[in-house]
Structures are given as C-alpha cells and as structure tokens.
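Shown next, in structure tokens, is the structure this report addresses.
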Amino acid sequence: MDDSSVTRIQNNPAFTELVNTRKSFAWTLTILMLVIYFGYIALVAFAPSLIGVPIGGSVTWGLALGIAVILSAILLTGIYVWRANSSFDEMTRAIVATNASGARK
Amino acid sequence: MSRLVKSAFAVAALALAPLAANAADAIAPGVQQPTNWTAILMFVGFVLVTFGITFWAAKNTHSTKDFYAAGGGITGFQNGIAIAGDYMSAASFLGISALVYGSGYDGLIYSIGFLVGWPIIMFLMAEPLRNLGKFTFADVVSYRLQATPIRAMAASGTLVTVAFYLIAQMVGAGQLIELLFGLPYAYAVIGVGVLMIGYVTFGGMIATTWVQIIKACLLLFGATLISLLVLIQFGFDINAFIAKAIEVHPKHGAIMLPGAQVANPISAISLGMALMFGTAGLPHILMRFFTVKDAKEARKSVFWATTFIGYFYILTFIIGFGAIVLVSTNPAYLDAKGALLGGSNMPAIHLAHAVGGDAMKGFISAVAFATILAVVSGLTLSGASAVSHDLYASVFRRGQISDGSEVTVSRITTVVLGIFAIALGIAFQKVNVAFMVGLAFAVAASANFPVLLLSMLWRGLTTWGAFCGGFAGLISAVGLTILSPGIWVAIMGNPAGSAPFPYTSPAIFTIPLAFLVCYVVSLMDSSRGAAAERQAFDAQYVRSQTGIGAEGAAAH
C-alpha cells in the first residue's frame, strides 16, 4: 500500500469511526471476559465454600457458575463475530471502495 | 505444599499433554495391556483414510502457501474444527475426565482455564493477525520491524515452545499406545514419528488440517455418544446422576468443591494466566489463522473453535462423573487394591467399555491415538515453518529464495524434526511430561504473546524493544520454571520446600516482565531506525484494520 492511500484512509472519517467503534467494542468484551474469568477464579481461590452451596437437589452454584463461564465465553465470541461480520465488515467495505475510487482520481 | 504445587502443575499440564504426571507415574511400572485388535483395526482404518487424503493433498501442494497455509483455502467452519482438534488433545479427553473422576469439581476449573483464552484471541488478535500475517506469527511481528533479529527471536520462542510440547506429546504417545494397544514403547514412538513425517512432508498444511478435522469429528462423536449412553441410564435426570456420583465417590460431597489443586490463590491465578495467554501464543495454533481466506473466516473459525471446545469440556465433565458412577463401582475395572486397571488416566476408556463394550473401547482407543498423531503433525509443521520460513528463507537467504526451494527446505526440516522428535521421545521416556507442557505454555504466554500483541496494537514498539522483551519472557519463564518445585524438587532431587521459586507457574511474573521490558527498551530506543519503525505503524495499522493488501487465498 502506498503512502498516499495510507494517508487518504487515515483521513477518512469512516476509518476513524470504524477503528474507534471496534476498539471500544473489543476492549469492552475483553474486560468483561477477564472480569468473569478472574472473578470466578477469585471465588474459587478465596471463597471455595460458596461453590458447594446447592441450588436445588444436587446441582450446586459452583456447577452452574462453571457452566455459565463456559457459555459466556461462547456467547461473547458469538456476539463479536455477529457484529463484526455484519456492521464492521460493511464499514470496511465502504472504506476500501472509497480508497479505490480515490486512487483512480 | 510442594506436593500440592506439583499436583496442581501436573493437572494443568494434563489437560494439554496427551498424558501427564499422574498418568506417567501410573503407567511407568509396565502395565502393558494385551494387544487390542479392535483398536488396532480401527486405527489402521483411520491411517488408510488419512493417507488417502495426504495423497490427494500432496498433488495440490506446490507452493509455500499450500505447504504452510493450505493455500488459504480452508473455510472458517473447517478451520474452527481443526483448531478445536489442535486443542482437544488425548489429554483433554483422558486427563480432564480422569481429574473429574479423581477430584470432581477441580476438573471443571481447569477446563474453564483452557477455554477462556479464546475470546481474548478473538477480540484482540484474530483479525490483525490474519490481515498482517502470511505463514507464521513472526511475519506479523517483523511486518515493520527488522527481519533478522525479530525472526531469530520469534523462531527461538516457537522452537522452544514446540520442542517442549513435542517431547511431552511423544512421551505421552509412547506411554498411551503401550497401554491401549499393547505395543512396546519404542515401537509406538517410532510409529507416531513415521506417520507424522508422512502426513506433513507430503501433504503439508492441507493434509495436517484434514487429519485434524477428521480426528476432531471422531473425538466429538465418541465423547457425545459416551455421554448420552451415561445420561440415558439416569433418564437424563442430572440431579439423580450427580447424587449417585456423590454417594459412591470416596470423597462424597467434597467432589462438588474446589480441592487441593487450587488451594493457593497466587498459584491458581498464575496458572490461570499461563493457560489464558499461553493459548494466544502457541505457534501451531496461531499458524491456523493463515489457512483461511480472510479476516471474516478467521473470526468464524474462532467462534466455532470456542463452541466445540466448550462443548467438549462439558462432555468431559459428564464422562468423569459417569466414570465415578459406572467404573469405580465395577470390580471388573479395578485391581485387587481397588485402583483403576491401567492407571489413573483410564476412566474414559473404561467408561467407553462400560457403556459400549469392546467395540466402543476399541473406537475410543483408536481415536486417542489419532488425536496424538494429529496434534504432533501440527506441532511439527509449525516448528518446520519457523526453521525454513523464518530462519532459512528470511534470515539466512534474506528472502532470496524460490518458492519451490523453500518448500523443499520445509520438507527436509520436517523429516529432521520428525527424527529428532522420535529420538527425544525415546531419550525422555522417564521424564515427567507435565513439566514440559507447563513450560511450553509459560514460554508461549511470556515470550510470544506480549511481543505479538504489542507489535499489532502499540505504535511505540521498536525492534530492540521486541527483541529484548521476547527474550526476557523466554529466559525468565524457562528459568523460573527450573527454580520452581516441579523441577527443582521433583526432578533435580533437592529437598522439599527448598525451591527458590515457590509457585506452580511463573506466568504472573513473567508476562508483566516481558511487557515491561518491551515498553522500557522501546521508549529508550532513540535510533533513527526506531523512529522509522514507529512511523511505519500507520501503514501497518491501516492494513491490519481494513485488510487492504492482506494475503488472499491461493489462485488454484
């Protein structure tokens, strides 16, 4: 990619918007995942007795929380893919198209 | 304390190595089983099918892009299964279900640790990695930095990670096959080595990926079937199932609580960090991102990988509890002292027999062997790419090499690495493989991950910052592991409690250290080259965000 396209893309407000939206979205999800996981580990490390409290019958909070952490990992990646493959990709296509037409001028 | 730390370490590694400490201990006394013909026939079937695929793949493997990245023609879904396959080693299956069988809830804690690295890879790394890279993660780090020092550093990180992981896999393979098939250890190691050389040399990444996909499907199918057959016996009543397990397990209600494995908070968190961030620095996993055609497919692959891995870990939990109920209560699977026949890693195999007879046991044994073979192939390919692509083609020949001769060099490297792996597997037969895997994860998390992440996200990173930070992570991770009880006490024979570094995993210290060294050295670097590298970040950033100029799929 030549320098002029780099500058052109960087000066394109759509690019700034894409980068900022995606960055804040990705970091929000990252922090959410870190809080969920290390929160769970902290519970295991510092309050292990809570893990064994039954919810109903033999199923415990620990079991439910553990499964919930697994499902949240799948869910968060799913949310990211869904948004990235629709809106982020669309924004990217628009930027690439603008750049290509800008290069021809 | 040291026993506790040791067992915690062992358990962590267990999930990723095909076999680990407690299994190695249990298997070592030579409990070779009678030759299992069902398993051998099924495995021969697997080998024939996969060699058919290798033959087809070989006809389509001409360029470096075919060899390292399957021509970029793998779909996101296929790649997701292959990544899951790389991750679901025989140990995840045998090791975690064995851990659940022995300690209950601890097994779930560890499986979660192995899973949560994936969302992080997705949010921060998958996309720029795919947009910037070609064949190896060194391509990404050296995108705007000086090729020679950076590729030398990245190749060191790759080769150290791969070597430790490979030793663990080969030793584990030998022990597991000796146990499951009744073949002598050396034959088993040589068999795995020769088959793996065959797949990788002829079929490159195309064959390696398809072997991984087939194996992952077989493993998911087998684990699902066993779980269903277990749950059917309880009419899918989870409460009754768990109540029965609590009733028959010698620890009773304690199997629903965190046990000794995670009793020390610092070790628990450090281990969690090594698992989470190590995943994001494993070279054979990172390499898979270059087999898909674009960032969109890369994202899909992470989603499918996370889904399959998460699903698989839930199954291993059911299998572990199923074995508590159906295997521990059946004298046919126990020796005179009440211990499991064949060693502590056997619950899943015995459970397969308990719910599905000899055919099911043979099938699961064959899948376990196939699993090792597939993981070893992926590892060797990534080691070969570090040598041929990063060191030989880029550093030694400075990129002045034809595509065809680079593939030839890769093939030669694969054969050499394969022979090396066989020799290491035989030489390290007695070593505790758990520490090898622990070391591989700690190195990946401390040497590869920080440099890779910063190179993509931080403008200020310079060649010397990355070089020093990468080596700081590599050396400190290896050094502190040697000083930890796992090696200092258990292998080097120093008295218990004398280890200078008291924790299970060094990651809580070495990951921040690597980041800090990258940061400080980069800041202090006021050379003209460093200024140019910071300037080049703009172009790199635009490409990483938009994919303009990124590698596409091969033309054929």
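Residue names in the structure tokens use chain letters A, B, ... in the order shown, residue numbers from 1 in each chain, and ligand numbers from 1 in the order shown.
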Report as a PyMOL selection string the set of chain A residues whose atoms approach chain B to within 9 Å, with distances computed over only C-alpha atoms. chain A and resi 1-3+5-7+9-10+15+18-19+23+25-27+29-30+33-34+37-38+41-42+44-46+48-52+56-60+62-63+66-67+69-71+73-78+80-81+84-85+89+92-93+95-96
Counting only C-alpha atoms, what is within 9 Å of segment 458-465 of chain B, bar same-chain residues fewer than 5 positions away, as an MDAnalysis selection string? chainID B and resid 142 144:147 149:150 451 453 470 517:525 529:531 533:538 541
Only C-alpha atoms, please: the residues just picked out, written as a tab-separated table (two decimals), in the first residue's frame.
```tsv
chain	number	residue	atom	x	y	z
B	142	SER	CA	8.50	-8.39	11.71
B	144	ARG	CA	7.51	-3.15	10.28
B	145	LEU	CA	10.46	-4.24	12.45
B	146	GLN	CA	13.88	-5.52	11.33
B	147	ALA	CA	13.53	-9.03	9.99
B	149	PRO	CA	16.66	-10.02	14.98
B	150	ILE	CA	12.88	-10.32	15.17
B	451	VAL	CA	5.53	-9.26	21.62
B	453	LEU	CA	0.13	-8.28	20.92
B	470	GLY	CA	10.73	-11.53	23.84
B	517	VAL	CA	10.90	-4.82	29.02
B	518	CYS	CA	9.27	-4.30	25.60
B	519	TYR	CA	7.93	-0.98	26.82
B	520	VAL	CA	11.02	0.40	28.55
B	521	VAL	CA	13.52	-0.66	25.89
B	522	SER	CA	11.28	0.71	23.12
B	523	LEU	CA	10.98	4.03	24.94
B	524	MET	CA	14.74	4.29	25.38
B	525	ASP	CA	15.41	3.43	21.75
B	529	GLY	CA	15.62	3.03	12.74
B	530	ALA	CA	13.27	3.11	15.72
B	531	ALA	CA	11.75	6.38	14.54
B	533	GLU	CA	9.55	1.81	12.69
B	534	ARG	CA	7.12	3.96	14.68
B	535	GLN	CA	6.32	5.87	11.51
B	536	ALA	CA	5.65	2.62	9.65
B	537	PHE	CA	2.96	1.78	12.18
B	538	ASP	CA	0.41	3.88	10.28
B	541	TYR	CA	-2.40	-0.23	11.21
```
For each of B:Ser89, B:Thr316, B:Ser394, B:Thr136, take the minimum atom-to-atom distance to Val230 of chain B, counting only C-alpha atoms, then give the residue where this is smallest.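 Residue with the minimum atom-to-atom distance to Val230 of chain B: B:Thr316.
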For Ser101 of chain A, the nearest of the candidates A:Arg8, A:Leu65, A:Val35, A:Tyr40, counting only C-alpha atoms: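 Looking only at the distances to Ser101 of chain A, the closest residue turns out to be A:Arg8.
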Could you pull out the alpha helix (DSSP H) residues of segment 251-357 of chain B from DSSP and send them as a ChimeraX atom specification? /B:265-279,283-286,295-326,347-357
Within 8 Å of Thr158 of chain B, counting only C-alpha atoms, which residues show up once you throw out same-chain ones fewer than 5 positions away? Write them as an MDAnalysis selection string, please. chainID B and resid 282:283 382:383 386 444 448
Suppose you want the space between atom CA of Phe137 of chain B and atom CA of Ser24 of chain A; what is it in Å?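 Between these atoms lies a distance of 24.8 Å.
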I'd like the contact shell of Ala98 of chain B - 8 Å cut-off, only C-alpha atoms, skipping same-chain residues fewer than 6 positions apart - returned as an MDAnalysis selection string. chainID B and resid 320 344:348
Just to confirm, what's the straight-line distance from atom CA of Val292 of chain B to atom CA of Ile74 of chain B in Å (one decimal)? 5.0 Å
Long-range neighbours of segment 363-377 of chain B as a short mmCIF file (atom, residue, chain, number, x, y, z; two decimals) with C-alpha atoms, in the first residue's frame, 8 Å cut-off, only C-alpha atoms, 4 positions minimum in chain:
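For reference, out.cif as written:
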```cif
data_model
loop_
_atom_site.label_atom_id
_atom_site.label_comp_id
_atom_site.auth_asym_id
_atom_site.auth_seq_id
_atom_site.Cartn_x
_atom_site.Cartn_y
_atom_site.Cartn_z
CA PRO B 18 -1.75 -36.46 25.94
CA THR B 38 -10.34 -53.90 17.70
CA ALA B 39 -8.49 -50.70 18.46
CA ILE B 40 -5.65 -51.54 16.09
CA MET B 42 -9.94 -49.13 13.70
CA PHE B 43 -6.73 -47.18 13.88
CA PHE B 46 -8.03 -44.12 10.22
CA GLY B 85 -8.79 -30.53 17.20
CA ASP B 86 -5.39 -29.00 17.95
CA MET B 88 -8.58 -31.32 22.24
CA SER B 89 -5.57 -33.50 22.76
CA ALA B 90 -5.89 -37.01 24.08
CA LEU B 166 6.59 -32.16 21.22
CA GLN B 169 3.39 -35.45 23.12
CA MET B 170 5.88 -38.10 22.02
CA ALA B 173 2.08 -41.10 22.88
CA LEU B 176 -0.57 -44.26 25.96
CA ILE B 177 -0.11 -46.58 22.99
CA LEU B 180 -4.04 -49.05 24.95
CA PHE B 181 -2.70 -51.21 22.17
CA VAL B 192 3.88 -41.96 15.59
CA LEU B 195 3.27 -41.47 10.29
CA MET B 196 3.57 -37.83 11.25
CA ILE B 197 6.55 -37.30 8.90
CA TYR B 199 1.50 -36.57 6.64
CA VAL B 200 3.47 -33.36 6.98
CA THR B 208 -2.43 -31.75 8.55
CA VAL B 211 -6.24 -35.17 9.63
CA GLN B 212 -7.10 -32.78 12.45
CA LYS B 215 -9.93 -36.70 14.29
CA ALA B 216 -11.84 -33.85 15.95
CA LEU B 218 -14.39 -38.67 15.66
CA LEU B 219 -13.47 -37.42 19.13
CA GLY B 222 -17.22 -40.58 20.59
CA ILE B 349 -11.52 -45.68 28.30
CA ALA B 352 -16.39 -46.48 26.98
CA ALA B 359 -16.22 -52.07 20.09
CA LEU B 381 4.66 -28.27 10.77
#
```
For segment 224-226 of chain B, please output as a PyMOL selection string all residues within 7 Å (counting only C-alpha atoms; exclusion window: fewer than 3 positions along the same chain). chain B and resi 220-221+229-230+315+352+355
So the first atom is atom CA of Asp294 of chain B and the second is atom CA of Arg22 of chain A; what is the distance between them in Å, to one decimal place?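 Here the two named atoms are 17.5 Å from each other.
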DSSP strand (DSSP E or B) selection over segment 27-59 of chain A, as a PyMOL selection string: chain A and resi 54-56+59
